[in-house]
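Chemist: I am sharing input.txt, which consists of compact mmCIF, N, CA and C atoms:
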```
# COMPACT_ATOMS: atom_id res chain seq x y z
N MET A 1 -9.84 -9.16 -3.52
CA MET A 1 -9.87 -9.42 -2.12
C MET A 1 -11.24 -9.97 -1.76
N THR A 2 -11.28 -10.91 -0.87
CA THR A 2 -12.56 -11.51 -0.52
C THR A 2 -13.27 -10.66 0.51
N GLU A 3 -14.57 -10.92 0.64
CA GLU A 3 -15.34 -10.16 1.62
C GLU A 3 -14.84 -10.42 3.03
N SER A 4 -14.40 -11.65 3.30
CA SER A 4 -13.91 -11.96 4.65
C SER A 4 -12.69 -11.13 5.01
N ALA A 5 -11.86 -10.81 4.00
CA ALA A 5 -10.68 -9.98 4.27
C ALA A 5 -11.10 -8.59 4.71
N SER A 6 -12.15 -8.03 4.09
CA SER A 6 -12.57 -6.69 4.46
C SER A 6 -13.28 -6.68 5.81
N VAL A 7 -13.87 -7.82 6.20
CA VAL A 7 -14.55 -7.89 7.49
C VAL A 7 -13.52 -7.85 8.62
N ARG A 8 -12.37 -8.50 8.43
CA ARG A 8 -11.34 -8.53 9.47
C ARG A 8 -10.66 -7.19 9.66
N ARG A 9 -10.62 -6.38 8.63
CA ARG A 9 -9.95 -5.08 8.69
C ARG A 9 -10.94 -4.05 9.23
N PRO A 10 -10.57 -3.32 10.28
CA PRO A 10 -11.49 -2.30 10.79
C PRO A 10 -11.65 -1.15 9.80
N LEU A 11 -12.83 -0.57 9.81
CA LEU A 11 -13.07 0.59 8.95
C LEU A 11 -12.34 1.80 9.51
N PRO A 12 -11.95 2.71 8.63
CA PRO A 12 -11.21 3.89 9.06
C PRO A 12 -12.14 4.95 9.64
N THR A 13 -11.55 5.89 10.32
CA THR A 13 -12.28 7.08 10.74
C THR A 13 -12.27 8.06 9.56
N TRP A 14 -13.07 9.09 9.66
CA TRP A 14 -13.09 10.14 8.65
C TRP A 14 -11.69 10.74 8.49
N ASP A 15 -11.03 11.01 9.63
CA ASP A 15 -9.69 11.60 9.60
C ASP A 15 -8.66 10.67 8.96
N GLN A 16 -8.80 9.37 9.17
CA GLN A 16 -7.88 8.43 8.54
C GLN A 16 -8.06 8.41 7.03
N VAL A 17 -9.31 8.48 6.57
CA VAL A 17 -9.55 8.53 5.12
C VAL A 17 -8.91 9.79 4.55
N ALA A 18 -9.10 10.92 5.24
CA ALA A 18 -8.52 12.18 4.77
C ALA A 18 -7.00 12.10 4.74
N ALA A 19 -6.39 11.51 5.76
CA ALA A 19 -4.93 11.40 5.80
C ALA A 19 -4.41 10.52 4.67
N LEU A 20 -5.10 9.42 4.41
CA LEU A 20 -4.66 8.54 3.33
C LEU A 20 -4.88 9.20 1.97
N ARG A 21 -6.00 9.90 1.80
CA ARG A 21 -6.26 10.64 0.56
C ARG A 21 -5.15 11.67 0.33
N ASP A 22 -4.80 12.40 1.37
CA ASP A 22 -3.75 13.42 1.23
C ASP A 22 -2.40 12.78 0.90
N PHE A 23 -2.12 11.63 1.49
CA PHE A 23 -0.87 10.93 1.19
C PHE A 23 -0.83 10.51 -0.28
N ILE A 24 -1.89 9.85 -0.75
CA ILE A 24 -1.93 9.39 -2.14
C ILE A 24 -1.85 10.58 -3.10
N ASN A 25 -2.64 11.62 -2.82
CA ASN A 25 -2.63 12.78 -3.70
C ASN A 25 -1.26 13.48 -3.70
N GLY A 26 -0.59 13.48 -2.57
CA GLY A 26 0.75 14.06 -2.50
C GLY A 26 1.74 13.30 -3.36
N ARG A 27 1.65 11.97 -3.32
CA ARG A 27 2.53 11.15 -4.16
C ARG A 27 2.18 11.32 -5.63
N THR A 28 0.90 11.43 -5.93
CA THR A 28 0.46 11.63 -7.30
C THR A 28 0.96 12.97 -7.83
N TYR A 29 0.82 14.00 -7.02
CA TYR A 29 1.28 15.33 -7.43
C TYR A 29 2.79 15.35 -7.63
N ALA A 30 3.53 14.72 -6.72
CA ALA A 30 4.99 14.70 -6.84
C ALA A 30 5.42 13.99 -8.13
N ALA A 31 4.74 12.90 -8.46
CA ALA A 31 5.08 12.18 -9.68
C ALA A 31 4.72 12.99 -10.93
N ALA A 32 3.68 13.80 -10.81
CA ALA A 32 3.21 14.58 -11.96
C ALA A 32 3.96 15.89 -12.14
N ALA A 33 4.78 16.27 -11.19
CA ALA A 33 5.47 17.57 -11.25
C ALA A 33 6.16 17.83 -12.59
N PRO A 34 6.84 16.84 -13.17
CA PRO A 34 7.49 17.12 -14.46
C PRO A 34 6.50 17.37 -15.60
N THR A 35 5.25 17.00 -15.39
CA THR A 35 4.26 17.16 -16.47
C THR A 35 3.51 18.47 -16.38
N ILE A 36 3.69 19.21 -15.32
CA ILE A 36 2.95 20.45 -15.12
C ILE A 36 3.51 21.52 -16.07
N ARG A 37 2.60 22.14 -16.79
CA ARG A 37 3.01 23.15 -17.76
C ARG A 37 2.63 24.53 -17.24
N LEU A 38 3.46 25.50 -17.50
CA LEU A 38 3.16 26.88 -17.14
C LEU A 38 2.16 27.44 -18.14
N SER A 39 1.44 28.44 -17.73
CA SER A 39 0.48 29.08 -18.60
C SER A 39 1.14 29.50 -19.91
N GLY A 40 0.50 29.13 -21.02
CA GLY A 40 1.02 29.51 -22.32
C GLY A 40 1.94 28.48 -22.95
N GLU A 41 2.39 27.50 -22.17
CA GLU A 41 3.23 26.46 -22.75
C GLU A 41 2.37 25.53 -23.61
N PRO A 42 2.93 25.00 -24.68
CA PRO A 42 2.15 24.10 -25.52
C PRO A 42 1.86 22.79 -24.79
N PRO A 43 0.80 22.11 -25.17
CA PRO A 43 0.50 20.81 -24.52
C PRO A 43 1.59 19.80 -24.85
N HIS A 44 1.66 18.77 -24.02
CA HIS A 44 2.61 17.68 -24.29
C HIS A 44 2.19 16.99 -25.58
N THR A 45 3.16 16.49 -26.28
CA THR A 45 2.89 15.75 -27.51
C THR A 45 2.06 14.52 -27.17
N PRO A 46 0.90 14.34 -27.84
CA PRO A 46 0.08 13.17 -27.56
C PRO A 46 0.89 11.87 -27.69
N GLY A 47 0.73 10.99 -26.73
CA GLY A 47 1.45 9.72 -26.74
C GLY A 47 2.85 9.77 -26.19
N SER A 48 3.33 10.98 -25.87
CA SER A 48 4.68 11.10 -25.30
C SER A 48 4.68 10.58 -23.87
N ALA A 49 5.88 10.33 -23.35
CA ALA A 49 6.01 9.85 -21.98
C ALA A 49 5.39 10.84 -20.99
N LEU A 50 5.63 12.14 -21.19
CA LEU A 50 5.07 13.14 -20.28
C LEU A 50 3.54 13.18 -20.37
N ALA A 51 3.00 13.04 -21.55
CA ALA A 51 1.54 13.03 -21.71
C ALA A 51 0.95 11.82 -21.01
N ARG A 52 1.61 10.68 -21.11
CA ARG A 52 1.09 9.46 -20.47
C ARG A 52 1.21 9.54 -18.95
N VAL A 53 2.28 10.10 -18.46
CA VAL A 53 2.42 10.28 -17.01
C VAL A 53 1.30 11.19 -16.50
N ALA A 54 1.03 12.26 -17.23
CA ALA A 54 -0.05 13.17 -16.84
C ALA A 54 -1.40 12.46 -16.84
N GLU A 55 -1.64 11.62 -17.85
CA GLU A 55 -2.90 10.87 -17.92
C GLU A 55 -3.05 9.91 -16.75
N VAL A 56 -1.99 9.16 -16.47
CA VAL A 56 -2.03 8.19 -15.38
C VAL A 56 -2.24 8.89 -14.04
N ASN A 57 -1.53 9.99 -13.83
CA ASN A 57 -1.69 10.72 -12.57
C ASN A 57 -3.09 11.29 -12.44
N GLY A 58 -3.63 11.80 -13.54
CA GLY A 58 -5.01 12.30 -13.50
C GLY A 58 -6.00 11.20 -13.18
N ALA A 59 -5.78 10.03 -13.76
CA ALA A 59 -6.67 8.90 -13.50
C ALA A 59 -6.58 8.45 -12.04
N LEU A 60 -5.36 8.38 -11.51
CA LEU A 60 -5.19 7.97 -10.12
C LEU A 60 -5.85 8.98 -9.18
N TYR A 61 -5.72 10.26 -9.48
CA TYR A 61 -6.37 11.29 -8.68
C TYR A 61 -7.89 11.09 -8.71
N GLU A 62 -8.45 10.85 -9.88
CA GLU A 62 -9.90 10.67 -10.01
C GLU A 62 -10.38 9.41 -9.27
N ILE A 63 -9.61 8.33 -9.38
CA ILE A 63 -9.97 7.09 -8.68
C ILE A 63 -9.96 7.31 -7.18
N THR A 64 -8.89 7.92 -6.69
CA THR A 64 -8.78 8.17 -5.26
C THR A 64 -9.92 9.07 -4.77
N SER A 65 -10.22 10.12 -5.52
CA SER A 65 -11.30 11.03 -5.14
C SER A 65 -12.64 10.31 -5.10
N PHE A 66 -12.90 9.49 -6.10
CA PHE A 66 -14.15 8.73 -6.15
C PHE A 66 -14.27 7.79 -4.95
N LEU A 67 -13.22 7.01 -4.70
CA LEU A 67 -13.26 6.07 -3.58
C LEU A 67 -13.46 6.79 -2.25
N CYS A 68 -12.76 7.90 -2.07
CA CYS A 68 -12.89 8.65 -0.81
C CYS A 68 -14.28 9.25 -0.66
N ARG A 69 -14.82 9.84 -1.73
CA ARG A 69 -16.18 10.41 -1.65
C ARG A 69 -17.20 9.34 -1.26
N ARG A 70 -17.12 8.20 -1.90
CA ARG A 70 -18.05 7.12 -1.60
C ARG A 70 -17.86 6.61 -0.17
N LEU A 71 -16.61 6.50 0.28
CA LEU A 71 -16.34 6.04 1.64
C LEU A 71 -16.82 7.06 2.66
N TYR A 72 -16.62 8.35 2.40
CA TYR A 72 -17.16 9.38 3.29
C TYR A 72 -18.67 9.25 3.41
N ASP A 73 -19.34 9.04 2.28
CA ASP A 73 -20.79 8.87 2.29
C ASP A 73 -21.20 7.69 3.16
N GLU A 74 -20.49 6.58 3.02
CA GLU A 74 -20.78 5.39 3.81
C GLU A 74 -20.56 5.65 5.30
N LEU A 75 -19.45 6.29 5.64
CA LEU A 75 -19.15 6.56 7.05
C LEU A 75 -20.16 7.54 7.63
N GLU A 76 -20.54 8.52 6.83
CA GLU A 76 -21.49 9.53 7.29
C GLU A 76 -22.88 8.93 7.52
N ALA A 77 -23.21 7.87 6.82
CA ALA A 77 -24.52 7.24 6.95
C ALA A 77 -24.73 6.66 8.35
N GLY A 78 -23.64 6.45 9.08
CA GLY A 78 -23.78 5.98 10.46
C GLY A 78 -23.71 4.48 10.61
N ARG A 79 -24.06 3.75 9.57
CA ARG A 79 -23.99 2.28 9.63
C ARG A 79 -23.36 1.77 8.34
N PRO A 80 -22.06 2.01 8.19
CA PRO A 80 -21.41 1.58 6.96
C PRO A 80 -21.46 0.06 6.83
N GLY A 81 -21.70 -0.39 5.63
CA GLY A 81 -21.80 -1.83 5.38
C GLY A 81 -20.61 -2.36 4.62
N SER A 82 -20.86 -3.44 3.92
CA SER A 82 -19.78 -4.12 3.20
C SER A 82 -19.18 -3.25 2.10
N ILE A 83 -19.99 -2.33 1.55
CA ILE A 83 -19.46 -1.43 0.52
C ILE A 83 -18.33 -0.59 1.10
N ALA A 84 -18.49 -0.13 2.33
CA ALA A 84 -17.44 0.67 2.97
C ALA A 84 -16.15 -0.13 3.09
N GLY A 85 -16.27 -1.40 3.46
CA GLY A 85 -15.10 -2.26 3.56
C GLY A 85 -14.42 -2.45 2.22
N THR A 86 -15.22 -2.60 1.18
CA THR A 86 -14.68 -2.78 -0.17
C THR A 86 -13.98 -1.50 -0.64
N LEU A 87 -14.58 -0.35 -0.36
CA LEU A 87 -13.96 0.93 -0.73
C LEU A 87 -12.63 1.12 0.00
N TRP A 88 -12.62 0.79 1.29
CA TRP A 88 -11.40 0.93 2.08
C TRP A 88 -10.33 -0.03 1.56
N ASP A 89 -10.73 -1.26 1.24
CA ASP A 89 -9.77 -2.21 0.67
C ASP A 89 -9.17 -1.68 -0.62
N ALA A 90 -10.00 -1.05 -1.45
CA ALA A 90 -9.51 -0.49 -2.73
C ALA A 90 -8.49 0.62 -2.47
N LEU A 91 -8.76 1.50 -1.51
CA LEU A 91 -7.81 2.57 -1.18
C LEU A 91 -6.49 1.99 -0.65
N LEU A 92 -6.59 0.96 0.16
CA LEU A 92 -5.39 0.33 0.69
C LEU A 92 -4.60 -0.37 -0.41
N THR A 93 -5.30 -0.93 -1.39
CA THR A 93 -4.63 -1.57 -2.52
C THR A 93 -3.85 -0.55 -3.32
N VAL A 94 -4.43 0.62 -3.54
CA VAL A 94 -3.72 1.70 -4.23
C VAL A 94 -2.49 2.10 -3.42
N THR A 95 -2.64 2.19 -2.12
CA THR A 95 -1.57 2.64 -1.23
C THR A 95 -0.43 1.63 -1.12
N ALA A 96 -0.72 0.37 -1.38
CA ALA A 96 0.30 -0.68 -1.22
C ALA A 96 1.55 -0.40 -2.06
N ALA A 97 1.42 0.36 -3.13
CA ALA A 97 2.59 0.70 -3.95
C ALA A 97 3.64 1.47 -3.15
N TRP A 98 3.22 2.12 -2.10
CA TRP A 98 4.13 2.93 -1.28
C TRP A 98 4.38 2.30 0.09
N HIS A 99 4.28 0.99 0.20
CA HIS A 99 4.39 0.33 1.50
C HIS A 99 5.72 0.59 2.20
N GLU A 100 6.76 0.94 1.46
CA GLU A 100 8.07 1.23 2.06
C GLU A 100 8.33 2.72 2.24
N ASP A 101 7.38 3.55 1.87
CA ASP A 101 7.56 5.01 1.95
C ASP A 101 7.64 5.44 3.41
N PRO A 102 8.71 6.13 3.80
CA PRO A 102 8.84 6.53 5.20
C PRO A 102 7.77 7.53 5.66
N GLU A 103 7.11 8.19 4.73
CA GLU A 103 6.07 9.14 5.11
C GLU A 103 4.67 8.52 5.16
N LEU A 104 4.57 7.24 4.82
CA LEU A 104 3.28 6.56 4.93
C LEU A 104 2.90 6.49 6.40
N PRO A 105 1.69 6.95 6.75
CA PRO A 105 1.30 6.89 8.16
C PRO A 105 1.46 5.48 8.73
N ALA A 106 2.04 5.37 9.90
CA ALA A 106 2.35 4.08 10.51
C ALA A 106 1.12 3.19 10.66
N TRP A 107 -0.02 3.78 10.99
CA TRP A 107 -1.23 2.98 11.19
C TRP A 107 -1.70 2.31 9.90
N VAL A 108 -1.28 2.82 8.75
CA VAL A 108 -1.70 2.25 7.46
C VAL A 108 -0.92 0.97 7.17
N LYS A 109 0.35 0.93 7.52
CA LYS A 109 1.21 -0.20 7.16
C LYS A 109 0.65 -1.53 7.63
N ASP A 110 0.05 -1.57 8.81
CA ASP A 110 -0.51 -2.81 9.33
C ASP A 110 -1.75 -3.26 8.58
N GLN A 111 -2.37 -2.36 7.84
CA GLN A 111 -3.61 -2.68 7.15
C GLN A 111 -3.41 -3.00 5.67
N LEU A 112 -2.21 -2.76 5.15
CA LEU A 112 -1.98 -2.97 3.73
C LEU A 112 -2.08 -4.46 3.39
N PRO A 113 -2.60 -4.74 2.17
CA PRO A 113 -2.66 -6.14 1.76
C PRO A 113 -1.25 -6.72 1.64
N VAL A 114 -1.11 -7.97 1.98
CA VAL A 114 0.17 -8.66 1.88
C VAL A 114 0.37 -9.07 0.42
N LYS A 115 1.52 -8.69 -0.14
CA LYS A 115 1.83 -9.05 -1.51
C LYS A 115 2.60 -10.36 -1.50
N PRO A 116 2.24 -11.28 -2.41
CA PRO A 116 3.01 -12.53 -2.48
C PRO A 116 4.42 -12.25 -2.98
N HIS A 117 5.38 -13.02 -2.51
CA HIS A 117 6.78 -12.81 -2.92
C HIS A 117 7.05 -13.47 -4.23
```
Reformat the file's structure so that it appears as structure tokens.
Modeler:
Amino acid sequence: MTESASVRRPLPTWDQVAALRDFINGRTYAAAAPTIRLSGEPPHTPGSALARVAEVNGALYEITSFLCRRLYDELEAGRPGSIAGTLWDALLTVTAAWHEDPELPAWVKDQLPVKPH
């Protein structure tokens, strides 16, 4: 995404970042539910579909957490700059996978990047 695209998109409030983080993490958790093991269960076989789903979900959770922490820092600084716009664009790009999800907050849909057909 170009810098001009992030300039046109308004920066989120702290509460909007939290709402989007919770939405992404909720979808990540729901997708990972089949991979959750009870205490004492053996680990998933390395390279298995369940092991890979768990890895991908863990990575998405870490990416989302990192982006949100950095964006919170930028917003808290009082004068967020272009880095804040880039972080917000990255979170919206992650969220675009759920653009048709009925539980996606309505205010997010207008900000999602347009995907080419």
Chemist: With distances taken over all atoms listed in the file, which residue among A:Pro80, A:Arg69, A:Tyr61, A:Leu11 lies nearest Tyr29 (chain A)?
Modeler: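 For Tyr29 (chain A), the nearest of the candidates is A:Tyr61.
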Chemist: With distances taken over only N, CA and C atoms, which of A:Leu71, A:Glu103, A:Ala97, A:Ser82 is nearest to Val17 (chain A)?
Modeler: A:Leu71
Chemist: Considering all atoms listed in the file, can you say which of A:Thr86, A:Thr35, A:Thr28, A:Thr13 comes closest to Leu50 (chain A)?
Modeler: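 Ranking A:Thr86, A:Thr35, A:Thr28, A:Thr13 by distance to Leu50 (chain A), first place goes to A:Thr35.
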Chemist: Go ahead and compute the interatomic distance for atom C of Ala90 (chain A) and CA of Arg52 (chain A), in Å to one decimal.
Modeler: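 A separation of 22.2 Å between them.
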Chemist: Figure out the distance between atom C of Ala19 (chain A) and atom C of Leu60 (chain A), please, to one decimal in Å.
Modeler: 14.0 Å
Chemist: Quote the spacing between atom N of Ala18 (chain A) and CA of Ala32 (chain A) in Å to one decimal place.
Modeler: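 Value for the atom N of Ala18 (chain A)-CA of Ala32 (chain A) distance: 21.5 Å.
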Chemist: List every residue of chain A that DSSP, applied to the backbone of this structure, places in helix (DSSP H, G or I), and write the result as a ChimeraX atom specification.
Modeler: /A:3-8,14-35,49-76,82-98,106-109
